[in-house]
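Colleague: Below you'll find upload-v2.cif; it's mmCIF, C-alpha atoms.
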```cif
data_coords
loop_
_atom_site.label_atom_id
_atom_site.label_comp_id
_atom_site.auth_asym_id
_atom_site.auth_seq_id
_atom_site.Cartn_x
_atom_site.Cartn_y
_atom_site.Cartn_z
CA MET D 1 -13.24 -3.97 40.72
CA LYS D 2 -16.18 -5.93 39.24
CA LYS D 3 -17.74 -2.68 38.02
CA ALA D 4 -14.51 -1.65 36.25
CA LEU D 5 -14.24 -5.09 34.64
CA LEU D 6 -17.82 -4.87 33.38
CA ILE D 7 -17.09 -1.46 31.84
CA VAL D 8 -14.03 -2.81 30.00
CA ILE D 9 -15.97 -5.82 28.71
CA SER D 10 -18.83 -3.55 27.59
CA LEU D 11 -16.45 -1.27 25.71
CA LEU D 12 -14.85 -4.22 23.96
CA PHE D 13 -18.28 -5.55 23.03
CA ILE D 14 -19.38 -2.18 21.63
CA ASP D 15 -16.13 -1.93 19.66
CA GLN D 16 -16.79 -5.33 18.09
CA LEU D 17 -20.34 -4.28 17.18
CA GLN D 18 -19.04 -1.17 15.44
CA ALA D 19 -16.30 -2.94 13.48
CA GLN D 20 -17.18 -3.14 9.81
CA ASN D 21 -17.55 -6.44 7.99
CA ILE D 22 -18.25 -7.49 4.41
CA ARG D 23 -21.97 -7.99 5.05
CA ASP D 24 -22.55 -4.35 5.99
CA THR D 25 -24.61 -2.14 3.67
CA VAL D 26 -22.72 1.08 4.48
CA PHE D 27 -18.93 1.43 4.37
CA ASN D 28 -17.37 4.59 5.82
CA ASP D 29 -13.91 6.20 5.50
CA VAL D 30 -13.12 4.16 2.41
CA ILE D 31 -9.78 4.89 0.69
CA LEU D 32 -10.23 4.95 -3.10
CA ILE D 33 -7.43 3.72 -5.38
CA LYS D 34 -8.06 5.09 -8.88
CA SER D 35 -6.15 3.97 -11.96
CA THR D 36 -4.54 7.44 -12.06
CA ASP D 37 -3.00 6.69 -8.63
CA VAL D 38 -1.29 3.54 -9.92
CA SER D 39 1.94 3.09 -11.87
CA THR D 40 3.55 -0.22 -12.84
CA ASN D 41 6.61 -1.59 -14.59
CA GLY D 42 4.65 -4.70 -15.50
CA PHE D 43 5.57 -6.50 -12.28
CA HIS D 44 5.30 -4.20 -9.27
CA PHE D 45 2.61 -1.58 -8.64
CA LEU D 46 3.19 1.81 -7.06
CA VAL D 47 0.08 3.34 -5.47
CA ASP D 48 0.81 6.98 -4.71
CA ILE D 49 -1.44 7.20 -1.66
CA PRO D 50 -0.10 7.30 1.92
CA ILE D 51 -2.13 4.59 3.68
CA LYS D 52 -1.14 4.48 7.36
CA PRO D 53 -1.42 1.18 9.25
CA GLN D 54 -3.83 1.26 12.17
CA LYS D 55 -5.30 -1.00 14.84
CA GLU D 56 -8.80 -0.89 13.34
CA PRO D 57 -9.57 -2.49 9.97
CA ILE D 58 -8.89 -0.24 6.97
CA ILE D 59 -11.36 -0.21 4.08
CA ILE D 60 -9.93 0.12 0.57
CA PHE D 61 -11.70 0.35 -2.78
CA ASN D 62 -9.41 -0.66 -5.65
CA ASP D 63 -10.73 0.58 -9.00
CA ASP D 64 -7.69 -0.50 -11.03
CA PHE D 65 -8.23 -3.91 -12.64
CA ARG D 66 -4.48 -4.31 -13.31
CA ILE D 67 -3.68 -5.06 -9.65
CA PRO D 68 -4.47 -8.71 -8.81
CA GLU D 69 -6.64 -9.02 -5.71
CA LYS D 70 -4.34 -11.63 -4.15
CA LEU D 71 -1.48 -9.13 -4.22
CA PHE D 72 -3.31 -7.26 -1.45
CA PHE D 73 -3.68 -10.29 0.81
CA SER D 74 -0.15 -11.11 1.99
CA ARG D 75 1.96 -9.00 4.35
CA SER D 76 4.94 -9.51 2.05
CA SER D 77 3.24 -7.70 -0.83
CA PHE D 78 0.98 -5.06 0.76
CA LEU D 79 0.89 -2.90 3.92
CA SER D 80 2.80 -5.36 6.09
CA GLU D 81 1.89 -3.75 9.44
CA GLN D 82 -1.90 -3.95 8.91
CA ASN D 83 -3.55 -7.01 10.50
CA GLU D 84 -7.07 -6.66 9.11
CA PHE D 85 -8.72 -4.78 6.27
CA ILE D 86 -11.64 -4.86 3.86
CA LEU D 87 -10.93 -4.72 0.13
CA ILE D 88 -13.70 -3.73 -2.28
CA THR D 89 -13.34 -4.02 -6.06
CA PRO D 90 -15.69 -4.09 -9.02
CA ASP D 91 -16.64 -7.70 -9.77
CA TRP D 92 -14.39 -7.89 -12.83
CA GLU D 93 -15.40 -11.46 -13.67
CA PHE D 94 -19.11 -10.60 -13.65
CA HIS D 95 -18.53 -7.57 -15.88
CA LYS D 96 -16.40 -9.66 -18.25
CA GLU D 97 -19.12 -12.30 -18.53
CA ILE D 98 -21.73 -9.65 -19.41
CA ILE D 99 -19.51 -8.17 -22.13
CA GLU D 100 -18.83 -11.63 -23.59
CA GLU D 101 -22.55 -12.47 -23.61
CA GLN D 102 -23.34 -9.20 -25.36
CA LYS D 103 -20.74 -9.90 -28.05
CA LYS D 104 -21.86 -13.51 -28.46
CA TYR D 105 -25.56 -12.75 -28.97
CA GLY D 106 -25.29 -9.21 -30.34
CA ILE D 107 -27.66 -7.81 -27.75
CA HIS D 108 -27.52 -5.32 -24.91
CA ILE D 109 -27.84 -6.91 -21.49
CA LYS D 110 -29.07 -4.64 -18.73
CA ALA D 111 -27.25 -5.72 -15.60
CA PHE D 112 -26.77 -3.90 -12.32
CA PRO D 113 -23.08 -3.42 -11.42
CA LYS D 114 -21.59 -5.72 -8.81
CA ASN D 115 -18.76 -5.35 -6.35
CA LYS D 116 -16.56 -8.02 -4.83
CA ILE D 117 -15.87 -7.52 -1.11
CA TYR D 118 -13.01 -9.27 0.69
CA GLN D 119 -12.36 -9.35 4.44
CA VAL D 120 -8.68 -10.11 5.02
CA LYS D 121 -7.41 -11.19 8.44
CA ARG D 122 -3.68 -11.75 8.88
CA SER D 123 -1.96 -13.83 11.51
CA GLY D 124 1.82 -14.04 11.41
CA SER D 125 2.82 -14.67 7.81
CA GLY D 126 -0.53 -16.25 6.93
CA TYR D 127 -3.95 -14.84 6.17
CA LYS D 128 -7.62 -15.79 5.85
CA VAL D 129 -9.99 -14.28 3.29
CA ASP D 130 -13.78 -14.19 3.36
CA SER D 131 -15.50 -12.79 0.27
CA LEU D 132 -18.84 -12.18 -1.39
CA SER D 133 -20.25 -10.50 -4.50
CA VAL D 134 -22.95 -7.87 -4.01
CA GLY D 135 -25.09 -5.75 -6.31
CA LEU D 136 -24.61 -2.03 -5.81
CA LEU D 137 -28.22 -1.27 -6.71
CA ASP D 138 -29.85 -4.27 -5.07
CA SER D 139 -33.31 -2.97 -4.12
CA GLY D 140 -33.41 -5.15 -1.02
CA LYS D 141 -29.95 -4.34 0.30
CA PRO D 142 -28.22 -1.48 -1.57
CA ILE D 143 -24.57 -0.80 -0.81
CA LYS D 144 -23.41 2.70 0.09
CA ILE D 145 -19.72 3.65 0.10
CA ASN D 146 -18.47 6.86 1.71
CA PHE D 147 -14.94 7.76 0.62
CA LYS D 148 -12.26 9.75 2.41
CA ASN D 149 -9.03 11.28 1.13
CA PRO D 150 -5.91 10.52 3.20
CA GLU D 151 -4.31 13.87 4.00
CA LEU D 152 -0.87 14.86 5.24
CA LYS D 153 -0.60 16.90 8.41
CA GLU D 154 1.62 19.94 8.84
CA ASN D 155 5.34 19.08 8.37
CA GLU D 156 4.51 15.59 7.08
CA VAL D 157 5.99 14.37 3.79
CA LYS D 158 5.76 11.14 1.83
CA TYR D 159 8.89 9.04 1.42
CA PHE D 160 9.57 5.79 -0.41
CA PHE D 161 12.87 4.57 1.01
CA LYS D 162 14.61 4.69 4.39
CA GLU D 163 18.26 3.96 5.15
CA CYS D 164 19.66 3.88 8.70
CA TYR D 165 23.19 3.72 10.09
CA GLY D 166 24.27 3.04 13.65
CA SER D 167 27.43 4.07 15.47
CA THR D 168 30.68 4.62 13.58
CA CYS D 169 32.50 3.01 16.50
CA CYS D 170 32.25 1.16 19.77
CA PRO D 171 31.34 -1.09 17.96
CA GLU D 172 30.91 0.03 14.35
CA ASP D 173 27.60 -0.68 12.66
CA PRO D 174 28.33 -3.12 9.76
CA SER D 175 26.09 -0.96 7.53
CA TRP D 176 28.92 1.58 7.20
CA LYS D 177 30.93 -0.96 5.21
CA PHE D 178 28.34 -0.76 2.42
CA GLU D 179 27.89 3.03 2.40
CA LYS D 180 30.24 3.60 -0.56
CA GLU D 181 28.70 0.79 -2.60
CA ARG D 182 25.18 2.10 -1.98
CA SER D 183 26.19 5.63 -2.95
CA GLU D 184 27.72 4.35 -6.19
CA MET D 185 24.50 2.52 -7.04
CA ARG D 186 22.46 5.69 -6.51
CA ASN D 187 24.92 7.78 -8.49
CA ASN D 188 24.75 5.30 -11.37
CA PHE D 189 20.96 5.45 -11.25
CA ASN D 190 21.05 9.26 -11.36
CA GLU D 191 23.36 9.22 -14.35
CA ARG D 192 21.31 6.62 -16.23
CA TYR D 193 17.97 8.40 -15.80
CA LYS D 194 19.26 12.01 -15.58
CA VAL D 195 17.58 12.53 -12.19
CA ASN D 196 18.58 13.30 -8.61
CA ALA D 197 17.50 10.52 -6.23
CA TYR D 198 18.94 12.53 -3.32
CA LYS D 199 16.64 15.53 -3.80
CA ASN D 200 14.53 16.33 -0.72
CA THR D 201 16.08 13.59 1.38
CA TYR D 202 15.52 14.22 5.11
CA ARG D 203 17.94 13.16 7.85
CA GLN D 204 16.98 12.22 11.38
CA THR D 205 19.99 12.33 13.71
CA ARG D 206 19.78 9.60 16.34
CA GLY D 207 23.04 9.87 18.26
CA LYS D 208 26.44 11.52 18.59
CA GLU D 209 28.47 8.80 16.88
CA GLY D 210 27.03 9.07 13.39
CA GLU D 211 23.72 7.34 14.11
CA HIS D 212 21.07 8.57 11.68
CA CYS D 213 18.28 7.63 9.30
CA ASP D 214 17.80 9.15 5.84
CA TYR D 215 14.32 9.30 4.31
CA TYR D 216 14.28 9.47 0.52
CA THR D 217 11.21 11.17 -0.96
CA LEU D 218 12.46 10.44 -4.51
CA SER D 219 10.66 13.64 -5.50
CA ASP D 220 12.78 14.09 -8.65
CA LEU D 221 11.75 10.68 -10.03
CA ASN D 222 8.55 9.81 -11.82
CA ASN D 223 6.62 6.86 -10.40
CA VAL D 224 7.98 4.24 -12.81
CA GLN D 225 11.52 5.42 -12.01
CA LYS D 226 10.71 5.08 -8.31
CA ILE D 227 9.79 1.44 -8.90
CA GLU D 228 13.07 0.85 -10.76
CA PHE D 229 15.00 2.54 -7.94
CA LEU D 230 13.38 0.35 -5.29
CA PHE D 231 13.32 -2.86 -7.35
CA PRO D 232 16.02 -2.97 -10.01
CA PRO D 233 15.04 -5.10 -13.03
CA LYS D 234 15.60 -8.86 -12.72
CA SER D 235 14.92 -11.91 -14.82
CA TYR D 236 11.58 -13.38 -13.75
CA THR D 237 10.84 -17.07 -14.21
CA GLU D 238 7.54 -18.54 -15.35
CA THR D 239 6.62 -19.43 -11.77
CA ASP D 240 3.84 -17.51 -10.08
CA ASP D 241 5.91 -14.74 -8.54
CA VAL D 242 2.80 -13.02 -7.16
CA THR D 243 2.07 -15.80 -4.67
CA GLN D 244 5.79 -16.22 -3.98
CA GLY D 245 5.89 -12.63 -2.74
CA PHE D 246 8.25 -11.31 -5.40
CA PHE D 247 5.75 -8.75 -6.69
CA VAL D 248 4.60 -5.99 -4.36
CA ILE D 249 2.27 -3.01 -4.05
CA ILE D 250 4.48 -0.06 -3.16
CA LEU D 251 3.02 2.63 -0.90
CA PRO D 252 4.66 5.81 0.33
CA SER D 253 5.24 6.10 4.07
CA VAL D 254 4.91 9.34 6.03
CA ILE D 255 7.42 11.12 8.24
CA ASN D 256 7.22 14.34 10.26
CA THR D 257 10.16 16.49 9.15
CA GLU D 258 9.83 19.26 11.75
CA ASN D 259 13.12 18.38 13.50
CA MET D 260 14.94 16.98 10.46
CA LYS D 261 17.41 18.42 8.00
CA ASN D 262 16.66 18.51 4.29
CA LEU D 263 20.00 17.33 2.88
CA HIS D 264 19.32 18.23 -0.75
CA PRO D 265 16.58 20.87 -1.16
#
```
Kindly present the structure from the file in structure tokens form.

Modeller:
Amino acid sequence: MKKALLIVISLLFIDQLQAQNIRDTVFNDVILIKSTDVSTNGFHFLVDIPIKPQKEPIIIFNDDFRIPEKLFFSRSSFLSEQNEFILITPDWEFHKEIIEEQKKYGIHIKAFPKNKIYQVKRSGSGYKVDSLSVGLLDSGKPIKINFKNPELKENEVKYFFKECYGSTCCPEDPSWKFEKERSEMRNNFNERYKVNAYKNTYRQTRGKEGEHCDYYTLSDLNNVQKIEFLFPPKSYTETDDVTQGFFVIILPSVINTENMKNLHP
């Protein structure tokens, strides 16, 4: 019994040693967000990369200056199921200062690029952030980043919206009362934008009394239209809606469609 306990403790200790932190010099399996992956309506940001939540910390490099760093921190605005991750970005403030100095004095300033690295740990609805700024070409401690491309497996597809209904009776799921209203909203959207929001929607049957979930890929919509579909326009106040959780980073989720029906090929 003692031997088994020692093995478990040792494995946990080794796992902690291997976990990446912001003071590492090498970062592996980093997911790169390029500006070409990002669309926005001026409020929300759609990142067309399927980032799956996992138990281990995820490492993300955001190379799009338009997305505020703090929008990544809260569960309500980014990857709600992920408890811990490392976010790397160019040090935008440092780069801005260099450009301003060059303009002010009319000279070229040779400066090594810097990155900002954030370690985000979430607990419940709160979070803690540790951060530092590091030089990529620091001769004493250079930073190396190894990227990976998230890939879909066989029969997996990206989807942006899921809608589920329970039993039609015994008792009836209250969601059925809103089915007609929801369909009218989608039909109005299709008519307004001349698209088909139903195209390549997959259904997962979950029972014999009408229970099912529909997964909308929104494959007929461009990315800005997807944002409008998910978050219809509203009147924003002058309050900081980012920290209030009203702005979000939208990511596609992934579903295996092997045993599902494509309702609208």

Colleague: Given the file above and the PyMOL selection byres ((chain D and resi 131) around 9), which residues are selected, and can you give them as a VMD selection string?

Modeller: chain D and resid 22 116 to 120 129 to 130 132 to 133

Colleague: If the PyMOL selection byres ((chain D and resi 126) around 10) is run on the structure shown, which residues does it catch, given as a PyMOL selection string?

Modeller: chain D and resi 73-76+121-125+127-128

Colleague: What lies within 10 Å of Phe231 of chain D using all atoms listed in the file, ignoring chain neighbours under 3 positions off, as a ChimeraX atom specification?

Modeller: /D:41,43-44,225-228,234,247-248

Colleague: At what distance in Å, to one decimal, does atom CA of Thr257 of chain D lie from atom CA of Val157 of chain D?

Modeller: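 Distance between the two atoms: 7.1 Å.
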
Colleague: Run through the PyMOL selection byres ((chain D and resi 198-207) around 9) on the given coordinates and return the selected residues as an MDAnalysis selection string.

Modeller: chainID D and resid 159 166:167 186 190 195:197 208:220 257 259:265

Colleague: For the atom pair atom CA of Glu93 of chain D and atom CA of Pro113 of chain D, what is the interatomic distance in Å to one decimal place?

Modeller: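 We find that atom CA of Glu93 of chain D and atom CA of Pro113 of chain D lie 11.3 Å from each other.
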
Colleague: Using only C-alpha atoms, collect all residues at a distance of at most 9 Å from (4.0, 11.1, 6.5) as written in the file, then present them as number ranges by chain.

Modeller: D: 50, 52, 152-153, 155-159, 252-257

Colleague: Calculated over all atoms listed in the file, which of the candidates D:Asn28, D:Ser175, D:Glu154, D:Ile86 has the smallest distance to Glu258 of chain D?

Modeller: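 The answer is D:Glu154, which sits nearest to Glu258 of chain D.
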
Colleague: Residues within 12 Å of Ile49 of chain D, please, as a list in words. Count all atoms listed in the file; anything in the same chain fewer than 6 positions from it doesn't count.

Modeller: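 Final neighbour list, sorted by chain and number: Ile31, Leu32, Ile33, Lys34, Ser35, Thr36, Asp37, Val38, Ser39, Ile60, Asn62, Leu79, Lys148, Asn149, Pro150, Glu151, Leu152, Val157, Lys158, Tyr159, Phe160, Asn223, Ile249, Ile250, Leu251, Pro252, Ser253 and Val254 of chain D.
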
Colleague: Take the residues from that selection and put them in a file with C-alpha atoms, as a PDB file, keeping the file's coordinate frame.

Modeller:
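Generated output (part.pdb):
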```pdb
ATOM      1  CA  ILE D  31      -9.780   4.890   0.690  1.00  0.00           C
ATOM      2  CA  LEU D  32     -10.230   4.950  -3.100  1.00  0.00           C
ATOM      3  CA  ILE D  33      -7.430   3.720  -5.380  1.00  0.00           C
ATOM      4  CA  LYS D  34      -8.060   5.090  -8.880  1.00  0.00           C
ATOM      5  CA  SER D  35      -6.150   3.970 -11.960  1.00  0.00           C
ATOM      6  CA  THR D  36      -4.540   7.440 -12.060  1.00  0.00           C
ATOM      7  CA  ASP D  37      -3.000   6.690  -8.630  1.00  0.00           C
ATOM      8  CA  VAL D  38      -1.290   3.540  -9.920  1.00  0.00           C
ATOM      9  CA  SER D  39       1.940   3.090 -11.870  1.00  0.00           C
ATOM     10  CA  ILE D  60      -9.930   0.120   0.570  1.00  0.00           C
ATOM     11  CA  ASN D  62      -9.410  -0.660  -5.650  1.00  0.00           C
ATOM     12  CA  LEU D  79       0.890  -2.900   3.920  1.00  0.00           C
ATOM     13  CA  LYS D 148     -12.260   9.750   2.410  1.00  0.00           C
ATOM     14  CA  ASN D 149      -9.030  11.280   1.130  1.00  0.00           C
ATOM     15  CA  PRO D 150      -5.910  10.520   3.200  1.00  0.00           C
ATOM     16  CA  GLU D 151      -4.310  13.870   4.000  1.00  0.00           C
ATOM     17  CA  LEU D 152      -0.870  14.860   5.240  1.00  0.00           C
ATOM     18  CA  VAL D 157       5.990  14.370   3.790  1.00  0.00           C
ATOM     19  CA  LYS D 158       5.760  11.140   1.830  1.00  0.00           C
ATOM     20  CA  TYR D 159       8.890   9.040   1.420  1.00  0.00           C
ATOM     21  CA  PHE D 160       9.570   5.790  -0.410  1.00  0.00           C
ATOM     22  CA  ASN D 223       6.620   6.860 -10.400  1.00  0.00           C
ATOM     23  CA  ILE D 249       2.270  -3.010  -4.050  1.00  0.00           C
ATOM     24  CA  ILE D 250       4.480  -0.060  -3.160  1.00  0.00           C
ATOM     25  CA  LEU D 251       3.020   2.630  -0.900  1.00  0.00           C
ATOM     26  CA  PRO D 252       4.660   5.810   0.330  1.00  0.00           C
ATOM     27  CA  SER D 253       5.240   6.100   4.070  1.00  0.00           C
ATOM     28  CA  VAL D 254       4.910   9.340   6.030  1.00  0.00           C
TER      29      VAL D 254
END
```

Colleague: To one decimal in Å, tell me the separation between atom CA of Phe246 of chain D and atom CA of Phe229 of chain D.

Modeller: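 Taking atom CA of Phe246 of chain D as the start and atom CA of Phe229 of chain D as the end point, the length is 15.6 Å.
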